[in-house]
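Chemist: What follows is work_18.cif; its format and atoms are mmCIF, C-alpha atoms and all ligand atoms.
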data_start
loop_
_atom_site.label_atom_id
_atom_site.label_comp_id
_atom_site.auth_asym_id
_atom_site.auth_seq_id
_atom_site.Cartn_x
_atom_site.Cartn_y
_atom_site.Cartn_z
CA MET A 620 0.09 78.55 14.63
CA ILE A 621 -1.17 76.23 17.33
CA VAL A 622 -0.06 76.94 20.89
CA CYS A 623 0.07 73.88 23.14
CA THR A 624 0.65 73.90 26.87
CA SER A 625 0.19 70.18 27.54
CA ILE A 626 2.06 67.16 26.24
CA SER A 627 -1.14 65.36 25.22
CA GLN A 628 -2.43 68.41 23.30
CA PHE A 629 0.92 68.75 21.51
CA ARG A 630 0.88 65.08 20.51
CA GLU A 631 -2.69 65.32 19.18
CA GLU A 632 -2.00 68.48 17.16
CA ARG A 633 1.27 67.09 15.81
CA ALA A 634 -0.50 63.93 14.60
CA ARG A 635 -3.36 65.96 13.11
CA LEU A 636 -1.04 68.32 11.19
CA LEU A 637 1.11 65.49 9.86
CA ALA A 638 -1.96 63.48 8.78
CA ALA A 639 -3.39 66.56 7.04
CA SER A 640 -0.28 67.17 4.95
CA GLU A 641 -0.52 65.74 1.44
CA THR A 642 3.10 64.66 1.25
CA PRO A 643 4.82 62.96 4.19
CA GLY A 644 6.85 65.78 5.66
CA SER A 645 9.63 66.50 8.03
CA LEU A 646 9.22 68.22 11.38
CA GLY A 647 11.91 70.62 12.63
CA LEU A 648 12.18 71.39 16.34
CA PHE A 649 13.91 74.42 17.76
CA PRO A 650 14.09 74.07 21.57
CA THR A 651 14.45 77.37 23.45
CA MET A 652 14.07 78.92 26.88
CA GLY A 653 12.19 81.87 25.36
CA TYR A 654 12.96 85.59 25.49
CA LEU A 655 13.44 85.18 21.76
CA HIS A 656 15.91 87.39 19.94
CA ALA A 657 17.49 87.77 16.48
CA GLY A 658 19.64 84.65 17.03
CA HIS A 659 16.55 82.54 17.71
CA ALA A 660 14.75 84.12 14.74
CA GLU A 661 17.58 83.09 12.43
CA MET A 662 17.37 79.48 13.64
CA ILE A 663 13.60 79.43 13.12
CA ARG A 664 14.09 80.76 9.57
CA ILE A 665 16.58 77.99 8.84
CA ALA A 666 14.21 75.36 10.27
CA ARG A 667 11.36 76.88 8.23
CA LYS A 668 13.32 76.45 4.98
CA GLU A 669 14.25 72.83 5.71
CA ASN A 670 11.03 71.33 7.07
CA ARG A 671 7.39 70.85 6.20
CA LEU A 672 6.41 71.65 9.81
CA VAL A 673 8.23 73.72 12.40
CA ALA A 674 7.82 73.39 16.17
CA VAL A 675 9.37 75.75 18.73
CA SER A 676 9.44 74.91 22.42
CA ILE A 677 9.71 77.54 25.13
CA PHE A 678 10.54 76.17 28.54
CA VAL A 679 12.86 77.61 31.19
CA ASN A 680 14.19 74.29 32.38
CA PRO A 681 14.88 74.29 36.15
CA LEU A 682 17.04 71.16 35.90
CA GLN A 683 19.82 73.00 34.09
CA PHE A 684 20.15 75.81 36.66
CA GLY A 685 22.40 75.46 39.71
CA PRO A 686 21.12 76.46 43.18
CA HIS A 687 22.75 79.92 42.99
CA GLU A 688 22.04 80.60 39.33
CA ASP A 689 19.47 82.85 37.67
CA LEU A 690 16.40 80.58 37.31
CA GLU A 691 14.02 82.99 39.06
CA ARG A 692 15.20 86.09 37.25
CA TYR A 693 15.83 84.46 33.84
CA PRO A 694 14.22 86.92 31.38
CA ARG A 695 10.81 85.92 30.05
CA SER A 696 8.57 87.49 27.38
CA PRO A 697 5.87 84.93 26.47
CA GLU A 698 3.57 87.30 24.55
CA ALA A 699 6.36 88.78 22.41
CA ASP A 700 7.76 85.27 21.83
CA GLU A 701 4.38 84.02 20.63
CA GLN A 702 4.05 87.00 18.30
CA LEU A 703 7.49 86.42 16.80
CA CYS A 704 6.75 82.72 16.25
CA ARG A 705 3.52 83.62 14.41
CA LEU A 706 5.43 86.11 12.28
CA LEU A 707 8.02 83.47 11.39
CA ASP A 708 5.32 81.00 10.40
CA VAL A 709 5.91 78.45 13.15
CA ASP A 710 3.29 75.68 13.06
CA LEU A 711 3.41 74.46 16.65
CA LEU A 712 4.47 76.37 19.74
CA PHE A 713 4.96 74.21 22.84
CA MET A 714 4.95 76.16 26.13
CA PRO A 715 4.55 73.68 28.98
CA SER A 716 4.63 74.49 32.70
CA ILE A 717 7.21 72.93 35.02
CA VAL A 718 4.52 70.62 36.47
CA GLU A 719 3.48 69.54 32.99
CA MET A 720 7.07 68.60 32.14
CA TYR A 721 8.23 67.10 35.42
CA GLY A 722 5.13 66.44 37.56
CA GLN A 723 4.84 67.44 41.21
CA GLN A 724 7.59 65.27 42.63
CA PRO A 725 11.34 65.59 42.25
CA VAL A 726 12.54 64.17 38.95
CA LEU A 727 13.61 60.55 39.51
CA SER A 728 15.03 59.71 36.09
CA SER A 729 17.49 61.82 34.19
CA VAL A 730 20.17 61.69 31.52
CA HIS A 731 23.73 61.66 32.81
CA VAL A 732 26.37 63.20 30.57
CA GLY A 733 29.83 61.68 30.81
CA MET A 734 33.21 63.21 30.03
CA LEU A 735 31.99 65.80 27.50
CA GLY A 736 30.12 67.59 30.28
CA SER A 737 32.87 67.65 32.86
CA HIS A 738 35.01 70.56 31.65
CA LEU A 739 34.58 74.03 30.07
CA CYS A 740 31.13 75.16 31.33
CA GLY A 741 30.74 71.87 33.21
CA THR A 742 33.45 72.91 35.68
CA SER A 743 31.62 75.95 37.00
CA ARG A 744 28.12 74.58 36.28
CA PRO A 745 28.13 71.00 37.60
CA GLY A 746 25.02 69.07 36.53
CA HIS A 747 24.07 71.71 33.96
CA PHE A 748 24.42 69.42 30.95
CA ASP A 749 22.57 66.57 32.69
CA GLY A 750 19.68 69.01 33.00
CA VAL A 751 19.98 70.12 29.37
CA CYS A 752 20.07 66.55 28.08
CA THR A 753 17.18 65.43 30.28
CA VAL A 754 14.90 68.13 28.91
CA VAL A 755 16.12 67.70 25.32
CA ALA A 756 15.50 63.93 25.55
CA LYS A 757 11.99 64.61 26.86
CA LEU A 758 11.36 67.12 24.06
CA PHE A 759 12.57 64.59 21.47
CA ASN A 760 10.11 62.03 22.87
CA ILE A 761 7.23 64.51 22.92
CA VAL A 762 7.86 66.32 19.62
CA MET A 763 9.40 63.39 17.69
CA PRO A 764 11.18 65.76 15.30
CA THR A 765 13.01 64.80 12.12
CA ARG A 766 15.58 67.53 12.80
CA ALA A 767 16.47 69.58 15.85
CA TYR A 768 18.30 72.91 15.74
CA PHE A 769 21.04 74.09 18.13
CA SER A 770 23.25 77.16 17.87
CA ARG A 771 27.03 76.97 17.57
CA LYS A 772 27.20 79.68 20.24
CA ASP A 773 26.61 76.97 22.84
CA ALA A 774 29.31 74.78 21.28
CA GLN A 775 29.62 72.41 24.22
CA GLN A 776 25.84 71.98 24.44
CA LEU A 777 25.68 71.28 20.70
CA ARG A 778 28.42 68.65 20.92
CA ILE A 779 26.85 66.98 23.98
CA VAL A 780 23.39 66.87 22.37
CA GLN A 781 24.92 65.33 19.22
CA GLN A 782 26.54 62.66 21.37
CA MET A 783 23.40 61.98 23.42
CA THR A 784 21.35 61.65 20.23
CA ARG A 785 23.81 59.05 18.96
CA ASP A 786 24.22 57.24 22.30
CA LEU A 787 20.48 56.97 22.97
CA SER A 788 19.61 56.29 19.29
CA PHE A 789 17.14 59.13 18.83
CA PRO A 790 16.14 59.19 15.15
CA VAL A 791 16.79 62.93 15.00
CA GLU A 792 19.22 64.87 12.80
CA ILE A 793 21.00 67.55 14.83
CA VAL A 794 21.49 70.72 12.81
CA ALA A 795 24.09 73.28 13.93
CA GLY A 796 23.10 76.91 13.40
CA PRO A 797 25.28 80.01 13.18
CA ILE A 798 26.34 82.34 15.99
CA VAL A 799 24.36 85.52 15.38
CA ARG A 800 26.12 88.70 16.50
CA GLU A 801 25.27 92.31 17.18
CA GLU A 802 26.92 94.84 14.85
CA ASP A 803 29.75 95.30 17.37
CA GLY A 804 30.42 91.56 17.43
CA LEU A 805 28.77 90.63 20.74
CA ALA A 806 27.18 87.18 20.41
CA ILE A 807 23.43 87.61 20.83
CA SER A 808 22.14 85.95 24.01
CA SER A 809 19.09 86.30 26.24
CA ARG A 810 21.50 87.01 29.11
CA ASN A 811 22.73 90.21 27.37
CA ALA A 812 19.54 91.71 28.84
CA TYR A 813 21.21 91.62 32.29
CA LEU A 814 24.03 93.97 31.22
CA THR A 815 24.04 97.56 32.43
CA ALA A 816 24.84 100.23 29.81
CA SER A 817 28.51 100.35 30.82
CA GLU A 818 28.80 96.53 30.90
CA ARG A 819 27.15 96.37 27.47
CA SER A 820 29.76 98.78 26.13
CA ILE A 821 32.68 96.50 27.16
CA ALA A 822 31.01 93.12 26.42
CA PRO A 823 32.05 93.16 22.69
CA ARG A 824 35.67 92.84 23.94
CA ILE A 825 35.02 89.12 24.29
CA ALA A 826 34.37 88.63 20.56
CA GLN A 827 37.16 91.08 19.67
CA THR A 828 39.64 89.13 21.79
CA LEU A 829 38.60 85.84 20.18
CA ARG A 830 39.09 87.39 16.74
CA THR A 831 42.54 88.62 17.79
CA ILE A 832 43.44 85.07 18.84
CA GLN A 833 42.19 83.77 15.49
CA ARG A 834 44.37 86.32 13.67
CA ARG A 835 47.44 85.53 15.81
CA VAL A 836 47.03 81.82 15.07
CA ALA A 837 46.62 82.52 11.34
CA GLN A 838 49.86 84.53 11.51
CA GLY A 839 51.70 81.57 13.00
CA GLU A 840 51.42 81.74 16.79
CA ARG A 841 51.19 78.19 18.20
CA ASP A 842 51.78 78.71 21.93
CA VAL A 843 48.45 78.13 23.66
CA ALA A 844 49.64 79.28 27.10
CA LEU A 845 50.91 82.55 25.63
CA LEU A 846 47.68 83.18 23.71
CA GLN A 847 45.66 82.45 26.85
CA ARG A 848 47.78 84.76 29.00
CA GLU A 849 47.54 87.60 26.48
CA ALA A 850 43.77 87.20 26.08
CA VAL A 851 43.05 87.06 29.82
CA HIS A 852 45.32 90.06 30.37
CA THR A 853 43.54 92.07 27.63
CA LEU A 854 40.07 91.18 28.88
CA GLU A 855 40.70 91.62 32.59
CA ALA A 856 42.25 95.05 31.96
CA TYR A 857 38.61 96.20 31.80
CA GLU A 858 37.11 96.75 35.21
CA GLY A 859 34.17 94.39 35.63
CA ILE A 860 35.48 91.66 33.32
CA ARG A 861 36.66 88.33 34.75
CA VAL A 862 37.53 85.32 32.64
CA ASP A 863 36.00 82.06 33.89
CA TYR A 864 37.83 80.03 31.24
CA LEU A 865 39.39 80.53 27.84
CA SER A 866 40.40 77.19 26.36
CA PHE A 867 41.64 75.72 23.11
CA VAL A 868 39.88 72.41 22.60
CA ASP A 869 39.25 69.63 20.15
CA PRO A 870 35.70 70.40 18.92
CA ASP A 871 34.89 66.68 18.92
CA THR A 872 36.27 65.48 22.29
CA LEU A 873 36.32 68.95 23.93
CA GLN A 874 39.71 67.98 25.40
CA PRO A 875 42.12 70.91 25.80
CA PHE A 876 45.14 71.41 23.55
CA THR A 877 48.40 72.80 24.87
CA THR A 878 49.83 73.47 21.44
CA LEU A 879 48.27 74.20 18.07
CA VAL A 880 48.92 71.81 15.23
CA PRO A 881 48.50 73.17 11.67
CA GLY A 882 45.43 71.79 9.95
CA ARG A 883 43.89 70.33 13.14
CA GLU A 884 40.40 71.57 13.95
CA THR A 885 40.54 73.71 17.09
CA LEU A 886 37.89 75.63 18.93
CA CYS A 887 38.73 78.52 21.23
CA ALA A 888 35.88 78.68 23.74
CA ALA A 889 35.44 81.24 26.50
CA ALA A 890 33.14 82.02 29.41
CA VAL A 891 33.58 85.52 30.73
CA TYR A 892 31.86 87.42 33.53
CA VAL A 893 30.89 90.94 32.61
CA GLY A 894 29.78 92.28 35.97
CA LYS A 895 27.68 89.43 37.36
CA THR A 896 26.63 88.17 33.94
CA ARG A 897 28.39 85.12 32.58
CA LEU A 898 28.62 85.22 28.79
CA ILE A 899 29.97 82.52 26.48
CA ASP A 900 31.39 82.71 22.99
CA ASN A 901 33.71 80.70 20.76
CA ILE A 902 35.62 80.84 17.51
CA ASP A 903 37.23 78.38 15.12
CA VAL A 904 41.02 78.87 15.38
CA ARG A 905 42.30 76.03 13.23
CA ALA A 906 45.90 76.86 12.28
CA PRO A 907 46.28 76.74 8.49
CA ALA A 908 47.99 73.58 7.21
CA SER A 909 51.60 74.50 6.42
CA THR A 910 52.37 75.10 2.76
CA GLU A 911 56.09 75.62 3.31
CA TYR A 912 58.62 73.20 1.89
CA THR A 913 60.31 71.04 4.49
CA VAL A 914 64.08 70.93 3.96
CA THR A 915 65.44 67.48 4.66
CA ALA A 916 68.87 65.90 4.30
CA ARG A 917 67.82 64.72 0.85
CA GLY A 918 66.62 68.14 -0.24
CA LYS A 919 63.21 69.74 -0.59
CA ARG A 920 59.97 67.76 -0.51
O1 LIG A 1001 20.01 76.45 24.69
C1 LIG A 1001 18.97 76.54 25.37
O2 LIG A 1001 18.19 77.49 25.27
C2 LIG A 1001 18.62 75.41 26.35
O3 LIG A 1001 19.77 74.89 26.94
C3 LIG A 1001 17.77 74.29 25.72
C4 LIG A 1001 18.51 73.58 24.61
C5 LIG A 1001 16.49 74.88 25.17
C6 LIG A 1001 17.41 73.26 26.77
O4 LIG A 1001 16.70 73.82 27.81
#
Since I need it in another form, could you write the structure as structure tokens?

Modeler:
Amino acid sequence: MIVCTSISQFREERARLLAASETPGSLGLFPTMGYLHAGHAEMIRIARKENRLVAVSIFVNPLQFGPHEDLERYPRSPEADEQLCRLLDVDLLFMPSIVEMYGQQPVLSSVHVGMLGSHLCGTSRPGHFDGVCTVVAKLFNIVMPTRAYFSRKDAQQLRIVQQMTRDLSFPVEIVAGPIVREEDGLAISSRNAYLTASERSIAPRIAQTLRTIQRRVAQGERDVALLQREAVHTLEAYEGIRVDYLSFVDPDTLQPFTTLVPGRETLCAAAVYVGKTRLIDNIDVRAPASTEYTVTARGKR
């Protein structure tokens, strides 16, 4: 594995590795902010299977953090991350500094995300997705991957990156990876490291509540407001839990639904504070297409 800290070094090594390969091969990029965990490892394994070369980037991107967010204390473990990448047979590890990525001055050019970034996490994190897309666009230009890998856990990020890739004509295939969970259902996230022992013990309630919603929808419940009320009530019954949002949205437009239509793809996405830690999760809650006969004036059809 080659570790690169500068853009020019990465470009040289990328060109050298591609030229050295006998068959023209694909390059898979998995962009991360480090503090790698089992969810990241799974994505790297998937990228490893699908590509001739695999690149992982580790960069805690200041542009996607708001002024009162956790940029300074975001967990970091560069040595362990490097070790894991070696173990998983990554070819290129890109770990630039902030100055290497953005220079000394304030960033003058950036990607602006339209409507898709304005609700769900965009409401409480204004500018967050502009920051994500700016760094992802830069990484696409530096790494020039064939494929790039994003987890379904960050469903809004995944959707926005897909749209940006299309809108800005990046020749990159966006691959959606699975949500990897702890045994008790908690979606694995670097931010789980912030949880105290007692917060950690109640955090799986988020995934459990989403599964309950999924079951209720499968059993025929269609009233979004009722499902939301029940879920918020269940979650906030635990001291220390506060729901930021819990929404039923179209996974393509991310627009909210007020009622559930059988057969229509629907994502239930939530951001929930456990103590001071904001965790996100989501689940597919498409209501099954109805198989019942409809009785009409002319009889059954
Ligand atoms: O999902 C993340 O870890 C980050 O938002 C990403 C995509 C690496 C951009 O900084």

Chemist: Please, which residues have at least one atom within 6 Å of an atom of ligand LIG 1001 (chain A), using all atoms listed in the file, listed as a PyMOL selection string?

Modeler: chain A and resi 650-652+680+751+755

Chemist: Using only C-alpha atoms, can you tell me which of A:Ser808, A:Asn901, A:Gln833, A:Gln847 comes closest to Phe876 of chain A?

Modeler: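 Using only C-alpha atoms, Phe876 of chain A sits closest to A:Gln847.
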
Chemist: Of the candidates A:His659, A:Arg835, A:His747, A:Arg841, which shows the shortest atom-to-atom distance to Ser770 of chain A, using only C-alpha atoms?

Modeler: A:His659

Chemist: Find the residues around segment 713-730 of chain A up to 7 Å (all atoms listed in the file counted), leave out those fewer than 2 positions away in its own chain, and share them as a list of chain:residue names.

Modeler: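 Selected residues are A:Val622, A:Cys623, A:Thr624, A:Ser625, A:Phe629, A:Val675, A:Ser676, A:Ile677, A:Phe678, A:Leu711, A:Val732, A:Asp749, A:Cys752, A:Thr753.
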
Chemist: Can you pull out every residue within 8 Å of Met662 of chain A, counting all atoms listed in the file, but drop anything in the same chain fewer than 5 positions away, and send it as a ChimeraX atom specification?

Modeler: /A:649,768-770,796-797

Chemist: Enumerate, in order of chain and increasing residue number, the residues of segment 674-710 of chain A with an atom no farther than 12 Å from segment 889-896 of chain A, each with its shortest atom pair and distance in Å to one decimal, counting all atoms listed in the file, as a Markdown table.

Modeler:
| residue | atom | partner | partner_atom | distance |
| --- | --- | --- | --- | --- |
| A:Glu688 | CA | A:Thr896 | CA | 10.4 |
| A:Asp689 | CA | A:Thr896 | CA | 9.7 |
| A:Tyr693 | CA | A:Thr896 | CA | 11.4 |

Chemist: Determine, counting all atoms listed in the file, which protein, DNA and RNA residues have an atom within 12 Å of an atom of Leu655 of chain A; residues of the same chain fewer than 6 positions away are not included. Present the result as a list in words.

Modeler: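 Once the adjacent positions are removed, what remains is Phe649, Glu661, Met662, Ile663, Val675, Ser676, Ile677, Phe678, Pro694, Arg695, Ser696, Pro697, Glu698, Ala699, Asp700, Glu701, Gln702, Leu703, Cys704, Leu707, Ile807, Ser808, Ser809, Arg810, Asn811 and Ala812 of chain A.
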
Chemist: Nearest residue to Gln827 of chain A out of A:Glu840, A:Asp803, A:Glu631, A:Glu669, using all atoms listed in the file?

Modeler: A:Asp803

Chemist: If I take atom CA of Ala850 of chain A and atom CA of His738 of chain A, how far is one from the other in Å, to one decimal?

Modeler: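 These atoms are spaced 19.6 Å apart.
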
Chemist: Please work out which residues fall within 10 Å of (5.9, 79.4, 11.8), coordinates as given in the file, with all atoms listed in the file counting, and return them as a PyMOL selection string.

Modeler: chain A and resi 620-621+663-664+666-667+672-675+703-712

Chemist: Nearest residue to Tyr857 of chain A out of A:Ala888, A:Ile902, A:Ile825, A:Met783, using all atoms listed in the file?

Modeler: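 Looking only at the distances to Tyr857 of chain A, the closest residue turns out to be A:Ile825.
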
Chemist: Would you fill the gaps in segment 682-702 of chain A so it has N, CA and C atoms, then print it as a PDB file, keeping the file's coordinate frame?

Modeler:
ATOM      1  N   LEU A 682      15.991  72.162  35.672  1.00  0.00           N
ATOM      2  CA  LEU A 682      17.040  71.160  35.900  1.00  0.00           C
ATOM      3  C   LEU A 682      18.427  71.607  35.455  1.00  0.00           C
ATOM      4  N   GLN A 683      18.493  72.609  34.584  1.00  0.00           N
ATOM      5  CA  GLN A 683      19.820  73.000  34.090  1.00  0.00           C
ATOM      6  C   GLN A 683      20.376  74.238  34.819  1.00  0.00           C
ATOM      7  N   PHE A 684      19.672  74.670  35.863  1.00  0.00           N
ATOM      8  CA  PHE A 684      20.150  75.810  36.660  1.00  0.00           C
ATOM      9  C   PHE A 684      20.681  75.290  37.985  1.00  0.00           C
ATOM     10  N   GLY A 685      21.851  75.797  38.395  1.00  0.00           N
ATOM     11  CA  GLY A 685      22.400  75.460  39.710  1.00  0.00           C
ATOM     12  C   GLY A 685      21.653  76.225  40.796  1.00  0.00           C
ATOM     13  N   PRO A 686      21.851  75.833  42.068  1.00  0.00           N
ATOM     14  CA  PRO A 686      21.120  76.460  43.180  1.00  0.00           C
ATOM     15  C   PRO A 686      21.330  77.978  43.284  1.00  0.00           C
ATOM     16  N   HIS A 687      22.522  78.464  42.860  1.00  0.00           N
ATOM     17  CA  HIS A 687      22.750  79.920  42.990  1.00  0.00           C
ATOM     18  C   HIS A 687      22.705  80.617  41.628  1.00  0.00           C
ATOM     19  N   GLU A 688      22.102  79.979  40.663  1.00  0.00           N
ATOM     20  CA  GLU A 688      22.040  80.600  39.330  1.00  0.00           C
ATOM     21  C   GLU A 688      20.734  81.395  39.167  1.00  0.00           C
ATOM     22  N   ASP A 689      20.486  81.825  37.901  1.00  0.00           N
ATOM     23  CA  ASP A 689      19.470  82.850  37.670  1.00  0.00           C
ATOM     24  C   ASP A 689      18.099  82.333  37.235  1.00  0.00           C
ATOM     25  N   LEU A 690      17.700  81.138  37.728  1.00  0.00           N
ATOM     26  CA  LEU A 690      16.400  80.580  37.310  1.00  0.00           C
ATOM     27  C   LEU A 690      15.241  81.558  37.527  1.00  0.00           C
ATOM     28  N   GLU A 691      15.174  82.121  38.739  1.00  0.00           N
ATOM     29  CA  GLU A 691      14.020  82.990  39.060  1.00  0.00           C
ATOM     30  C   GLU A 691      14.003  84.244  38.204  1.00  0.00           C
ATOM     31  N   ARG A 692      15.200  84.803  37.969  1.00  0.00           N
ATOM     32  CA  ARG A 692      15.200  86.090  37.250  1.00  0.00           C
ATOM     33  C   ARG A 692      15.498  85.933  35.758  1.00  0.00           C
ATOM     34  N   TYR A 693      15.562  84.666  35.270  1.00  0.00           N
ATOM     35  CA  TYR A 693      15.830  84.460  33.840  1.00  0.00           C
ATOM     36  C   TYR A 693      14.775  85.250  33.041  1.00  0.00           C
ATOM     37  N   PRO A 694      15.204  86.044  32.039  1.00  0.00           N
ATOM     38  CA  PRO A 694      14.220  86.920  31.380  1.00  0.00           C
ATOM     39  C   PRO A 694      13.155  86.126  30.614  1.00  0.00           C
ATOM     40  N   ARG A 695      11.939  86.605  30.712  1.00  0.00           N
ATOM     41  CA  ARG A 695      10.810  85.920  30.050  1.00  0.00           C
ATOM     42  C   ARG A 695       9.950  86.947  29.302  1.00  0.00           C
ATOM     43  N   SER A 696       9.448  86.575  28.136  1.00  0.00           N
ATOM     44  CA  SER A 696       8.570  87.490  27.380  1.00  0.00           C
ATOM     45  C   SER A 696       7.611  86.641  26.540  1.00  0.00           C
ATOM     46  N   PRO A 697       6.698  85.891  27.208  1.00  0.00           N
ATOM     47  CA  PRO A 697       5.870  84.930  26.470  1.00  0.00           C
ATOM     48  C   PRO A 697       5.022  85.540  25.359  1.00  0.00           C
ATOM     49  N   GLU A 698       4.456  86.738  25.602  1.00  0.00           N
ATOM     50  CA  GLU A 698       3.570  87.300  24.550  1.00  0.00           C
ATOM     51  C   GLU A 698       4.391  87.677  23.316  1.00  0.00           C
ATOM     52  N   ALA A 699       5.526  88.372  23.554  1.00  0.00           N
ATOM     53  CA  ALA A 699       6.360  88.780  22.410  1.00  0.00           C
ATOM     54  C   ALA A 699       6.902  87.537  21.692  1.00  0.00           C
ATOM     55  N   ASP A 700       7.244  86.497  22.436  1.00  0.00           N
ATOM     56  CA  ASP A 700       7.760  85.270  21.830  1.00  0.00           C
ATOM     57  C   ASP A 700       6.707  84.647  20.907  1.00  0.00           C
ATOM     58  N   GLU A 701       5.459  84.621  21.420  1.00  0.00           N
ATOM     59  CA  GLU A 701       4.380  84.020  20.630  1.00  0.00           C
ATOM     60  C   GLU A 701       4.169  84.808  19.338  1.00  0.00           C
ATOM     61  N   GLN A 702       4.236  86.125  19.473  1.00  0.00           N
ATOM     62  CA  GLN A 702       4.050  87.000  18.300  1.00  0.00           C
ATOM     63  C   GLN A 702       5.141  86.734  17.252  1.00  0.00           C
TER      64      GLN A 702
END
